[in-house]
$ cat upload.cif   # mmCIF, C-alpha atoms
data_input
#
loop_
_atom_site.label_atom_id
_atom_site.label_comp_id
_atom_site.auth_asym_id
_atom_site.auth_seq_id
_atom_site.Cartn_x
_atom_site.Cartn_y
_atom_site.Cartn_z
CA MET R 1 33.94 -3.00 7.90
CA THR R 2 34.86 -2.99 11.57
CA THR R 3 31.27 -3.88 12.41
CA ALA R 4 31.43 -6.93 10.15
CA THR R 5 34.58 -8.21 11.81
CA LYS R 6 33.11 -7.65 15.23
CA THR R 7 29.97 -9.60 14.26
CA GLU R 8 32.04 -12.59 13.19
CA THR R 9 34.17 -12.71 16.31
CA ALA R 10 31.97 -11.46 19.14
CA GLY R 11 28.41 -12.33 18.07
CA PRO R 12 25.80 -9.74 17.01
CA THR R 13 26.29 -6.06 17.79
CA PRO R 14 23.93 -4.62 20.45
CA GLU R 15 21.88 -2.96 17.67
CA GLN R 16 21.56 -6.22 15.74
CA ALA R 17 20.62 -8.06 18.93
CA ARG R 18 17.93 -5.48 19.70
CA PHE R 19 16.58 -5.77 16.13
CA ASP R 20 16.56 -9.59 16.30
CA GLU R 21 14.76 -9.42 19.63
CA LEU R 22 12.03 -7.15 18.23
CA ILE R 23 11.53 -9.45 15.22
CA ALA R 24 11.53 -12.59 17.38
CA SER R 25 8.84 -11.14 19.66
CA ASP R 26 6.79 -10.19 16.56
CA SER R 27 7.03 -6.52 17.52
CA ARG R 28 7.36 -3.66 15.02
CA ILE R 29 10.40 -1.82 13.69
CA GLU R 30 9.91 1.96 13.54
CA PRO R 31 11.74 4.47 11.29
CA ARG R 32 14.31 5.63 13.86
CA ASP R 33 15.28 2.12 14.96
CA TRP R 34 18.52 0.61 13.81
CA MET R 35 17.91 -1.97 11.08
CA PRO R 36 20.16 -4.14 8.91
CA GLU R 37 20.96 -2.52 5.56
CA ALA R 38 19.50 -5.53 3.72
CA TYR R 39 16.19 -5.16 5.61
CA ARG R 40 16.03 -1.47 4.69
CA LYS R 41 16.85 -2.21 1.05
CA THR R 42 14.27 -4.98 0.81
CA LEU R 43 11.60 -2.69 2.22
CA VAL R 44 12.48 0.24 -0.04
CA ARG R 45 12.33 -2.06 -3.06
CA GLN R 46 9.04 -3.69 -2.04
CA ILE R 47 7.24 -0.54 -0.84
CA SER R 48 8.31 1.62 -3.78
CA GLN R 49 7.31 -1.11 -6.26
CA HIS R 50 4.00 -1.32 -4.49
CA ALA R 51 3.56 2.48 -4.68
CA HIS R 52 4.46 2.52 -8.39
CA SER R 53 1.88 -0.23 -8.98
CA GLU R 54 -0.84 1.93 -7.44
CA ILE R 55 0.15 4.90 -9.59
CA ILE R 56 0.51 2.97 -12.87
CA GLY R 57 -2.61 1.00 -11.92
CA MET R 58 -4.67 4.15 -12.37
CA GLN R 59 -4.16 3.99 -16.14
CA PRO R 60 -5.96 0.81 -17.27
CA GLU R 61 -9.11 2.01 -15.49
CA ALA R 62 -8.79 5.71 -16.31
CA ASN R 63 -9.08 4.42 -19.87
CA TRP R 64 -12.82 3.80 -19.23
CA ILE R 65 -13.82 6.83 -17.17
CA THR R 66 -15.07 8.80 -20.16
CA ARG R 67 -16.86 5.77 -21.58
CA ALA R 68 -18.45 4.29 -18.45
CA PRO R 69 -22.01 3.17 -19.26
CA SER R 70 -23.73 5.45 -16.72
CA LEU R 71 -23.11 8.49 -14.55
CA LYS R 72 -23.13 6.24 -11.48
CA ARG R 73 -20.47 3.93 -12.93
CA LYS R 74 -18.41 6.94 -13.97
CA ALA R 75 -18.51 8.37 -10.44
CA ILE R 76 -17.58 4.96 -8.95
CA LEU R 77 -14.67 4.55 -11.36
CA MET R 78 -13.38 8.04 -10.58
CA ALA R 79 -13.58 7.32 -6.84
CA LYS R 80 -11.64 4.11 -7.37
CA VAL R 81 -8.91 5.75 -9.44
CA GLN R 82 -8.66 8.52 -6.83
CA ASP R 83 -8.24 5.84 -4.16
CA GLU R 84 -5.31 4.34 -6.12
CA ALA R 85 -3.62 7.75 -6.14
CA GLY R 86 -4.12 7.98 -2.37
CA HIS R 87 -2.71 4.47 -1.90
CA GLY R 88 0.35 5.46 -3.92
CA LEU R 89 0.82 8.42 -1.59
CA TYR R 90 0.53 6.35 1.62
CA LEU R 91 3.13 3.95 0.26
CA TYR R 92 5.56 6.59 -1.04
CA SER R 93 5.34 8.21 2.41
CA ALA R 94 6.17 4.88 4.07
CA ALA R 95 9.16 4.40 1.74
CA GLN R 96 10.34 7.95 2.47
CA THR R 97 10.64 7.14 6.17
CA LEU R 98 13.41 4.72 5.14
CA GLY R 99 15.47 7.57 3.75
CA THR R 100 14.62 7.47 0.06
CA SER R 101 13.23 10.63 -1.54
CA ARG R 102 9.98 10.94 -3.49
CA ASP R 103 11.84 12.46 -6.44
CA ASP R 104 14.29 9.56 -6.61
CA MET R 105 11.43 7.07 -6.70
CA MET R 106 9.48 9.08 -9.28
CA ASP R 107 12.58 9.52 -11.46
CA ALA R 108 13.30 5.79 -11.36
CA LEU R 109 9.72 5.07 -12.41
CA ILE R 110 9.60 7.42 -15.39
CA ALA R 111 13.11 6.42 -16.46
CA GLY R 112 11.77 2.84 -16.70
CA LYS R 113 14.24 1.65 -14.04
CA ALA R 114 11.69 0.77 -11.36
CA ARG R 115 9.40 -2.23 -11.33
CA TYR R 116 5.66 -2.25 -10.80
CA SER R 117 3.16 -5.08 -10.91
CA SER R 118 3.15 -6.69 -14.37
CA ILE R 119 -0.62 -6.93 -14.27
CA PHE R 120 -0.93 -3.28 -15.31
CA ASN R 121 0.79 -3.94 -18.62
CA TYR R 122 -2.30 -5.64 -20.01
CA PRO R 123 -4.79 -3.63 -22.10
CA THR R 124 -8.43 -2.97 -21.14
CA PRO R 125 -10.32 -3.25 -24.43
CA THR R 126 -13.87 -3.71 -23.05
CA TRP R 127 -16.09 -2.44 -20.22
CA ALA R 128 -16.12 -5.95 -18.76
CA ASP R 129 -12.40 -5.47 -18.05
CA MET R 130 -13.41 -2.99 -15.34
CA GLY R 131 -15.37 -5.80 -13.73
CA ALA R 132 -12.61 -8.38 -14.14
CA ILE R 133 -9.97 -6.01 -12.78
CA GLY R 134 -12.03 -5.25 -9.69
CA TRP R 135 -12.96 -8.85 -9.03
CA LEU R 136 -9.68 -10.59 -9.93
CA VAL R 137 -6.88 -8.01 -9.79
CA ASP R 138 -8.10 -6.14 -6.72
CA GLY R 139 -9.16 -9.46 -5.22
CA ALA R 140 -5.63 -10.85 -5.60
CA ALA R 141 -4.20 -7.60 -4.28
CA ILE R 142 -6.36 -7.78 -1.14
CA CYS R 143 -5.38 -11.41 -0.59
CA ASN R 144 -1.73 -10.34 -0.75
CA GLN R 145 -2.18 -7.19 1.29
CA VAL R 146 -4.21 -8.35 4.27
CA PRO R 147 -1.22 -10.26 5.75
CA LEU R 148 0.98 -7.21 4.99
CA CYS R 149 -1.03 -5.23 7.56
CA ARG R 150 1.08 -7.20 10.07
CA ALA R 151 4.40 -6.51 8.31
CA SER R 152 7.20 -5.90 10.79
CA TYR R 153 7.94 -2.39 9.50
CA GLY R 154 5.44 -0.11 11.28
CA PRO R 155 4.81 2.54 8.60
CA TYR R 156 4.29 -0.14 5.92
CA GLY R 157 1.80 -2.07 8.04
CA ARG R 158 -0.12 1.10 8.91
CA ALA R 159 -0.32 2.10 5.23
CA MET R 160 -1.63 -1.36 4.38
CA VAL R 161 -4.37 -1.13 7.01
CA ARG R 162 -5.72 2.03 5.37
CA ILE R 163 -5.38 0.55 1.89
CA CYS R 164 -7.14 -2.72 2.72
CA LYS R 165 -10.08 -0.85 4.23
CA GLU R 166 -10.56 1.05 0.99
CA GLU R 167 -9.82 -1.83 -1.41
CA SER R 168 -12.80 -3.92 -0.35
CA PHE R 169 -15.15 -1.58 -2.24
CA HIS R 170 -12.97 -2.00 -5.33
CA GLN R 171 -13.43 -5.73 -5.43
CA ARG R 172 -17.15 -5.60 -4.74
CA GLN R 173 -17.86 -3.04 -7.43
CA GLY R 174 -15.95 -5.22 -9.92
CA PHE R 175 -17.97 -8.26 -8.94
CA GLU R 176 -21.16 -6.25 -9.38
CA ILE R 177 -20.17 -5.10 -12.88
CA LEU R 178 -19.63 -8.74 -13.90
CA LEU R 179 -22.85 -9.87 -12.23
CA GLU R 180 -24.85 -7.25 -14.11
CA LEU R 181 -23.28 -8.30 -17.40
CA MET R 182 -23.96 -11.97 -16.62
CA ASN R 183 -27.62 -11.09 -16.05
CA GLY R 184 -27.73 -9.24 -19.38
CA THR R 185 -27.80 -10.28 -23.02
CA ASP R 186 -25.80 -13.13 -24.60
CA ALA R 187 -23.33 -10.59 -25.96
CA GLN R 188 -22.84 -9.10 -22.50
CA ARG R 189 -22.33 -12.53 -20.94
CA GLU R 190 -19.77 -13.33 -23.62
CA MET R 191 -17.98 -10.06 -22.93
CA ALA R 192 -17.79 -10.83 -19.19
CA GLN R 193 -16.50 -14.37 -19.80
CA ASP R 194 -13.93 -13.07 -22.29
CA ALA R 195 -12.61 -10.54 -19.76
CA VAL R 196 -12.32 -13.22 -17.06
CA ASN R 197 -10.54 -15.51 -19.53
CA ARG R 198 -7.94 -12.81 -20.13
CA TRP R 199 -7.45 -11.68 -16.50
CA TYR R 200 -7.67 -14.96 -14.58
CA TRP R 201 -4.12 -16.29 -15.15
CA PRO R 202 -2.41 -12.91 -14.90
CA SER R 203 -4.17 -12.35 -11.56
CA LEU R 204 -2.77 -15.69 -10.26
CA MET R 205 0.69 -14.57 -11.40
CA MET R 206 0.36 -11.49 -9.18
CA PHE R 207 1.34 -13.68 -6.22
CA GLY R 208 4.81 -14.06 -7.70
CA PRO R 209 6.87 -17.05 -8.82
CA PRO R 210 6.37 -20.53 -7.29
CA ASP R 211 7.92 -20.94 -3.83
CA ASP R 212 10.88 -22.99 -5.04
CA GLU R 213 11.81 -20.21 -7.48
CA SER R 214 11.32 -17.25 -5.16
CA PRO R 215 14.78 -16.58 -3.72
CA ASN R 216 13.87 -13.60 -1.50
CA SER R 217 10.78 -15.14 0.08
CA ALA R 218 12.52 -17.02 2.90
CA GLN R 219 14.39 -13.94 4.10
CA SER R 220 11.24 -11.77 3.90
CA MET R 221 9.36 -14.34 5.94
CA ALA R 222 12.19 -14.53 8.51
CA TRP R 223 11.93 -10.75 8.86
CA ASN R 224 8.14 -10.92 9.30
CA ILE R 225 7.60 -8.75 6.24
CA LYS R 226 5.91 -11.60 4.42
CA ARG R 227 3.65 -13.90 6.42
CA PHE R 228 2.62 -16.52 3.85
CA SER R 229 4.35 -17.97 0.81
CA ASN R 230 3.41 -17.08 -2.78
CA ASP R 231 1.86 -20.49 -3.45
CA GLU R 232 -0.08 -20.50 -0.18
CA LEU R 233 -1.67 -17.14 -0.99
CA ARG R 234 -2.34 -18.14 -4.60
CA LEU R 235 -4.27 -21.24 -3.55
CA ARG R 236 -6.13 -19.33 -0.86
CA PHE R 237 -7.22 -16.85 -3.55
CA VAL R 238 -8.42 -19.61 -5.91
CA GLY R 239 -10.38 -21.11 -3.02
CA MET R 240 -12.23 -17.81 -2.61
CA LEU R 241 -12.83 -17.39 -6.35
CA VAL R 242 -14.45 -20.76 -7.04
CA PRO R 243 -17.72 -20.17 -5.13
CA GLN R 244 -17.82 -16.54 -6.32
CA ALA R 245 -17.51 -17.72 -9.94
CA GLU R 246 -20.47 -20.00 -9.31
CA VAL R 247 -22.59 -17.07 -8.15
CA LEU R 248 -21.58 -15.18 -11.28
CA GLY R 249 -22.18 -18.18 -13.53
CA ILE R 250 -18.73 -17.61 -15.00
CA THR R 251 -16.22 -20.33 -15.89
CA LEU R 252 -12.67 -20.03 -14.57
CA PRO R 253 -10.45 -20.82 -17.59
CA ASP R 254 -8.53 -23.71 -16.02
CA PRO R 255 -9.64 -27.20 -17.18
CA ASP R 256 -7.33 -28.80 -14.58
CA LEU R 257 -8.80 -26.93 -11.62
CA ARG R 258 -10.15 -29.37 -9.03
CA PHE R 259 -10.64 -29.73 -5.30
CA ASP R 260 -8.43 -32.30 -3.61
CA GLU R 261 -10.49 -33.97 -0.88
CA LYS R 262 -7.36 -35.35 0.78
CA THR R 263 -5.47 -32.08 1.23
CA GLY R 264 -8.60 -29.93 1.46
CA GLU R 265 -7.07 -27.58 -1.11
CA PHE R 266 -7.59 -26.69 -4.73
CA VAL R 267 -5.21 -28.02 -7.36
CA ILE R 268 -4.63 -25.67 -10.28
CA GLY R 269 -3.27 -26.20 -13.78
CA GLU R 270 0.24 -25.30 -14.83
CA ILE R 271 0.95 -21.56 -14.97
CA ASP R 272 2.64 -20.32 -18.14
CA TRP R 273 5.47 -18.26 -16.65
CA THR R 274 7.06 -17.51 -20.02
CA GLU R 275 4.39 -14.86 -20.57
CA PHE R 276 4.99 -13.39 -17.11
CA ASN R 277 8.74 -13.25 -17.70
CA GLU R 278 8.27 -11.60 -21.09
CA ILE R 279 6.20 -8.84 -19.52
CA LEU R 280 8.67 -8.49 -16.65
CA ALA R 281 11.39 -8.06 -19.28
CA GLY R 282 9.42 -5.10 -20.64
CA ASN R 283 7.80 -6.85 -23.61
CA GLY R 284 4.18 -6.77 -22.44
CA PRO R 285 1.43 -5.28 -24.59
CA CYS R 286 1.39 -1.93 -22.72
CA ASN R 287 4.76 -1.54 -20.91
CA ALA R 288 6.03 1.33 -23.06
CA GLN R 289 2.68 3.12 -23.14
CA ARG R 290 2.23 3.01 -19.35
CA ILE R 291 5.65 4.57 -18.70
CA GLN R 292 5.23 7.12 -21.48
CA GLN R 293 1.89 8.26 -20.06
CA ARG R 294 3.34 8.56 -16.56
CA ARG R 295 6.29 10.55 -17.88
CA ASP R 296 3.99 12.86 -19.88
CA ALA R 297 1.75 13.41 -16.85
CA HIS R 298 4.78 14.21 -14.71
CA GLU R 299 6.28 16.62 -17.24
CA ASP R 300 2.97 18.24 -18.16
CA GLY R 301 2.30 18.80 -14.46
CA ALA R 302 5.64 20.55 -13.88
CA TRP R 303 4.08 24.02 -14.21
CA VAL R 304 1.55 23.21 -11.48
CA ARG R 305 4.32 22.18 -9.08
CA ASP R 306 6.35 25.28 -10.04
CA ALA R 307 3.35 27.58 -9.56
CA ALA R 308 2.55 26.08 -6.16
CA ALA R 309 6.17 26.51 -5.04
CA ALA R 310 6.29 30.11 -6.34
CA TYR R 311 3.03 30.94 -4.55
CA ALA R 312 4.28 29.43 -1.29
CA ARG R 313 7.52 31.42 -1.57
CA LYS R 314 5.66 34.69 -2.22
CA GLN R 315 3.28 34.11 0.68
CA SER R 316 6.09 33.42 3.12
CA GLU R 317 7.96 36.52 1.88
CA LYS R 318 4.81 38.59 2.44
CA THR R 319 4.42 37.21 5.97
CA ALA R 320 8.07 37.93 6.70
CA LYS R 321 7.72 41.51 5.43
CA ALA R 322 4.58 42.12 7.49
CA ALA R 323 6.36 40.85 10.59
CA ALA R 324 9.41 43.08 9.98
CA MET K 1 16.08 15.91 14.96
CA THR K 2 13.68 15.90 12.00
CA SER K 3 10.84 13.48 11.29
CA PRO K 4 11.63 10.47 9.07
CA GLY K 5 10.86 11.48 5.50
CA GLU K 6 11.65 15.15 6.18
CA ASP K 7 14.98 16.23 4.71
CA GLU K 8 16.53 18.75 2.35
CA THR K 9 16.37 16.41 -0.66
CA GLU K 10 12.58 16.76 -0.69
CA PRO K 11 11.41 19.76 -2.73
CA TRP K 12 8.38 20.39 -0.48
CA PRO K 13 8.22 20.29 3.32
CA LEU K 14 6.64 17.33 5.09
CA TRP K 15 3.43 17.89 7.09
CA GLU K 16 2.04 15.59 9.74
CA VAL K 17 -1.75 15.29 9.49
CA PHE K 18 -4.16 15.02 12.44
CA VAL K 19 -7.89 14.40 11.98
CA ARG K 20 -10.76 14.82 14.44
CA ALA K 21 -13.28 12.10 13.61
CA ASN K 22 -16.16 13.76 15.43
CA ARG K 23 -16.96 16.51 17.86
CA GLY K 24 -15.93 15.45 21.35
CA LEU K 25 -12.91 13.44 20.16
CA SER K 26 -9.30 14.56 19.94
CA HIS K 27 -7.38 15.06 16.74
CA VAL K 28 -5.49 11.84 16.00
CA HIS K 29 -2.43 11.42 13.82
CA VAL K 30 -3.40 9.76 10.53
CA GLY K 31 -0.33 10.16 8.31
CA SER K 32 1.78 12.67 6.51
CA LEU K 33 2.13 14.39 3.15
CA HIS K 34 4.31 16.86 1.31
CA ALA K 35 2.91 20.26 0.27
CA PRO K 36 4.39 23.64 -0.60
CA ASP K 37 2.40 25.65 1.98
CA PRO K 38 -0.04 25.13 4.88
CA GLU K 39 -3.21 25.80 2.85
CA MET K 40 -2.24 23.26 0.21
CA ALA K 41 -1.35 20.83 2.99
CA VAL K 42 -4.85 21.15 4.49
CA ARG K 43 -6.53 20.75 1.10
CA ASN K 44 -4.43 17.75 0.17
CA ALA K 45 -5.02 16.22 3.61
CA ARG K 46 -8.76 16.54 3.02
CA ASP K 47 -8.46 14.75 -0.33
CA VAL K 48 -6.12 12.05 0.92
CA TYR K 49 -7.35 11.33 4.44
CA THR K 50 -11.07 12.22 4.56
CA ARG K 51 -12.61 10.84 1.37
CA ARG K 52 -15.05 8.73 3.40
CA LYS K 53 -16.21 11.14 6.09
CA GLU K 54 -13.32 10.25 8.39
CA GLY K 55 -13.24 13.69 9.91
CA VAL K 56 -14.80 17.03 10.77
CA SER K 57 -11.54 18.90 11.42
CA ILE K 58 -7.93 18.68 10.21
CA TRP K 59 -4.65 19.93 11.66
CA VAL K 60 -1.43 19.99 9.65
CA VAL K 61 1.86 20.52 11.46
CA PRO K 62 5.23 21.03 9.76
CA ALA K 63 7.16 17.87 10.59
CA ALA K 64 10.27 19.99 11.07
CA ALA K 65 8.55 21.75 13.99
CA ILE K 66 8.10 18.53 15.96
CA THR K 67 10.59 17.76 18.72
CA THR K 68 10.87 14.11 19.64
CA SER K 69 12.48 12.15 22.43
CA ASP K 70 15.80 10.52 21.57
CA PRO K 71 15.12 6.93 20.43
CA ASP K 72 18.59 5.81 21.54
CA ALA K 73 17.96 7.02 25.09
CA ARG K 74 14.61 5.20 25.16
CA ASP K 75 15.31 2.95 28.13
CA ALA K 76 16.75 5.64 30.39
CA PHE K 77 14.19 8.23 29.36
CA PHE K 78 11.16 6.08 30.16
CA GLU K 79 12.66 4.47 33.24
CA SER K 80 10.82 6.53 35.83
CA PRO K 81 7.47 4.59 35.85
CA ALA K 82 9.27 1.24 36.21
CA GLY K 83 8.61 -0.32 39.60
CA LYS K 84 5.93 2.23 40.40
CA ASN K 85 2.87 0.08 39.83
CA TYR K 86 1.26 1.74 42.87
CA ARG K 87 0.22 4.32 40.28
CA HIS K 88 -2.35 1.81 38.99
CA ALA K 89 -5.64 0.96 40.71
CA ARG K 90 -5.01 -2.79 40.41
CA TYR K 91 -2.00 -2.45 42.80
CA TYR K 92 -4.49 -2.16 45.67
CA THR K 93 -5.91 -5.63 46.22
CA LYS K 94 -7.17 -5.47 49.81
CA ALA K 95 -10.41 -3.83 48.72
CA GLU K 96 -11.34 -6.87 46.62
CA GLY K 97 -15.01 -7.79 47.05
CA VAL K 98 -15.89 -4.35 48.42
CA LYS K 99 -18.43 -2.73 46.13
CA HIS K 100 -18.00 0.49 44.16
CA LEU K 101 -14.23 0.59 44.75
#

$ encode --input "upload.cif" --output "C-alpha cells"
Amino acid sequence: MTTATKTETAGPTPEQARFDELIASDSRIEPRDWMPEAYRKTLVRQISQHAHSEIIGMQPEANWITRAPSLKRKAILMAKVQDEAGHGLYLYSAAQTLGTSRDDMMDALIAGKARYSSIFNYPTPTWADMGAIGWLVDGAAICNQVPLCRASYGPYGRAMVRICKEESFHQRQGFEILLELMNGTDAQREMAQDAVNRWYWPSLMMFGPPDDESPNSAQSMAWNIKRFSNDELRLRFVGMLVPQAEVLGITLPDPDLRFDEKTGEFVIGEIDWTEFNEILAGNGPCNAQRIQQRRDAHEDGAWVRDAAAAYARKQSEKTAKAAA
Amino acid sequence: MTSPGEDETEPWPLWEVFVRANRGLSHVHVGSLHAPDPEMAVRNARDVYTRRKEGVSIWVVPAAAITTSDPDARDAFFESPAGKNYRHARYYTKAEGVKHL
C-alpha cells in the first residue's frame, strides 16, 4: 500500500523506473528482475495457457497414431506429438520462473479451471484432419509465435525460439498430407476439402477476438509481450494461405475473401464468434473429453511418478550409507 | 539464492541442462527440467533437448547447487571494467594502417 501512495505522489519507484527503462529500450526482463504484479500475472496466464494448449493439443492427433496410413506417417505423427509434449515442458518451465509451480498449473488444467486454445476442442474424424491441423492450425500457431520470440520476458522468448524451429516441420508435413490427398482419388480430394472446410474458420479464430474487442491487447503490446494485433496477424496468415491453397487446389471456404488492391491486404468474410464463445464457455464438441483424458493420464501415471521418487530416495539413502 | 523455478513447492528438484553440440565445442546451457534423480534428468534431457541431433554430450546440474551473483548489486558488481577500454584492441588507434597489427 505504501508503494502505491509513493507512486502517486513522487513518481515511479526506482524499480518501476528501471523496468520501464528496460521495456522502452526493447531490452528483456529476466526472472530475478523486479516486475509489476500485473506484468507477472499476464505472463503466467498467457504462458500457462500456451503450455496447456501444447499438452491438450497432443490428443486430437494422438487419435490417429494407430490408424495412420503407413509406417512413415505413423512415425512422423509420433514425432510431432512428442514435439508438442516437449513444447509444453519448455513453456511450463518458463512459467515456473515466474513463481508458479508445475503442480498448481497441472491441477488447474485437470480441474477444468485453466484455459487452453479452443481449437483443440474440435474432433478429428478423418485422416485429412491431420493434414488440415498441420497446415492451418500449426500454420496459425507459427504466425502467432514468431513475433513472440521477441517477447520482453526472456524465458518466454527463448522457449518460443526453440518451439518455432520445431514447428516448421509440423506445418510442412500437414501441407504434404493434403497435397497427397489432392493428387489422389475423388474421394480423397473430397476428404481433404471437407477437412479444410471444418478447420479454416477455427484456425482464423486462433488469433483471438477482433482488435476492438480485445481488452488486454493494448497493455500486452505496451509491455512488448505482443508485437502485432490480433487482426494484423490474422490477415497476414490469410495472405500466406491463399497462394498455398492454390498449390493444393483447395478452396478456402470464404465466399467473401478478396484482395483489396488499394490497401494491399486481403478482406475476409465475417467471422462467426458465437461458435468461438460457445466453445470458450466449455460447450465445444470435445471440451469434456479432452479434460477427462488429461485427468485420466495424470492419475494413471501417478504410480510412475511415485516409483521414480521412491527409487531416487533409495539411491540417495544408499549413497549416504556408503559415504558414512 | 536458488534458481527461478526451484523451490520447495516442486515435488522434484530442478536441473539445469547443458549440451555439447559437437566435439571441440563447449557445453552450452539449453534449458531446465524437473526430475527425481540425476540419471532420470539425463535421460529426460536427451528426450527433450536432443531429438534432432543437437548434441553429443549432456550435463545436468542441480539448480540448487548453482551460486549466482546478486541481481540487485548488478551495477556495483560489474563496475570494474567501466572506463577500462584499454583492455580492448580497438583502444589503440595509432597503429592504424600498419599491417598485421

$ residues_near_point --input "upload.cif" --point "(-9.1, -25.8, -11.3)" --cutoff "6 Å" --atoms "all atoms listed in the file" --output "PyMOL selection string"
chain R and resi 254+256-258+267-268

$ write_last_selection --input "upload.cif" --atoms "C-alpha atoms" --output "short mmCIF file (atom, residue, chain, number, x, y, z; two decimals), in the coordinates of the input"
data_model
loop_
_atom_site.label_atom_id
_atom_site.label_comp_id
_atom_site.auth_asym_id
_atom_site.auth_seq_id
_atom_site.Cartn_x
_atom_site.Cartn_y
_atom_site.Cartn_z
CA ASP R 254 -8.53 -23.71 -16.02
CA ASP R 256 -7.33 -28.80 -14.58
CA LEU R 257 -8.80 -26.93 -11.62
CA ARG R 258 -10.15 -29.37 -9.03
CA VAL R 267 -5.21 -28.02 -7.36
CA ILE R 268 -4.63 -25.67 -10.28
#

$ residues_near_point --input "upload.cif" --point "(-9.2, 4.2, 6.4)" --cutoff "10 Å" --atoms "all atoms listed in the file" --output "ChimeraX atom specification"
/R:158-167 /K:30,49-54

$ atom_distance --input "upload.cif" --atom1 "CA of Glu54 (chain R)" --atom2 "CA of Arg150 (chain R)"
19.8 Å

$ closest_residue --input "upload.cif" --among "R:Glu299, R:Ala114, R:Asn144, R:Gly86" --to "Arg46 (chain K)" --atoms "only C-alpha atoms"
R:Gly86

$ closest_residue --input "upload.cif" --among "R:Ile76, R:Leu43, R:Ala308, R:Leu71" --to "chain K" --atoms "only C-alpha atoms"
R:Ala308

$ atom_distance --input "upload.cif" --atom1 "CA of Thr251 (chain R)" --atom2 "CA of Arg236 (chain R)"
18.1 Å

$ residues_around --input "upload.cif" --residues "region 5-14 of chain K" --least-positions-apart "2" --cutoff "10 Å" --atoms "only C-alpha atoms" --output "number ranges by chain"
R: 31, 92-104, 305, 308-309, 312; K: 1-3, 16-17, 32-38, 41, 60-64

$ residues_around --input "upload.cif" --residues "Leu280 (chain R)" --least-positions-apart "3" --cutoff "7 Å" --atoms "only C-alpha atoms" --output "number ranges by chain"
R: 118, 276-277

$ closest_residue --input "upload.cif" --among "K:Lys94, K:Lys99, K:His88, K:His29" --to "chain R" --atoms "all atoms listed in the file"
K:His29

$ build_atoms --input "upload.cif" --residues "region 77-89 of chain K" --atoms "N, CA, C and O atoms" --output "compact mmCIF listing (two decimals), in the frame of the given file"
# COMPACT_ATOMS: atom_id res chain seq x y z
N PHE K 77 15.16 7.15 29.37
CA PHE K 77 14.19 8.23 29.36
C PHE K 77 12.85 7.81 29.95
O PHE K 77 12.18 8.59 30.62
N PHE K 78 12.47 6.55 29.69
CA PHE K 78 11.16 6.08 30.16
C PHE K 78 11.29 5.18 31.39
O PHE K 78 10.42 4.37 31.68
N GLU K 79 12.37 5.35 32.12
CA GLU K 79 12.66 4.47 33.24
C GLU K 79 11.78 4.78 34.44
O GLU K 79 11.39 3.89 35.18
N SER K 80 11.47 6.06 34.61
CA SER K 80 10.82 6.53 35.83
C SER K 80 9.59 5.72 36.28
O SER K 80 9.47 5.41 37.46
N PRO K 81 8.65 5.33 35.36
CA PRO K 81 7.47 4.59 35.85
C PRO K 81 7.78 3.16 36.28
O PRO K 81 6.94 2.53 36.94
N ALA K 82 8.97 2.63 35.89
CA ALA K 82 9.27 1.24 36.21
C ALA K 82 9.27 1.03 37.72
O ALA K 82 9.82 1.83 38.48
N GLY K 83 8.64 -0.02 38.18
CA GLY K 83 8.61 -0.32 39.60
C GLY K 83 7.65 0.56 40.39
O GLY K 83 7.65 0.54 41.61
N LYS K 84 6.87 1.35 39.69
CA LYS K 84 5.93 2.23 40.40
C LYS K 84 4.49 1.82 40.09
O LYS K 84 3.66 2.64 39.73
N ASN K 85 4.22 0.52 40.21
CA ASN K 85 2.87 0.08 39.83
C ASN K 85 1.82 0.52 40.84
O ASN K 85 0.63 0.32 40.63
N TYR K 86 2.25 1.17 41.95
CA TYR K 86 1.26 1.74 42.87
C TYR K 86 0.54 2.92 42.24
O TYR K 86 -0.38 3.49 42.81
N ARG K 87 0.97 3.29 41.00
CA ARG K 87 0.22 4.32 40.28
C ARG K 87 -1.03 3.75 39.59
O ARG K 87 -1.80 4.49 39.00
N HIS K 88 -1.19 2.43 39.62
CA HIS K 88 -2.35 1.81 38.99
C HIS K 88 -3.32 1.30 40.06
O HIS K 88 -2.89 0.82 41.11
N ALA K 89 -4.62 1.37 39.73
CA ALA K 89 -5.64 0.96 40.71
C ALA K 89 -5.49 -0.51 41.09
O ALA K 89 -5.72 -0.89 42.24
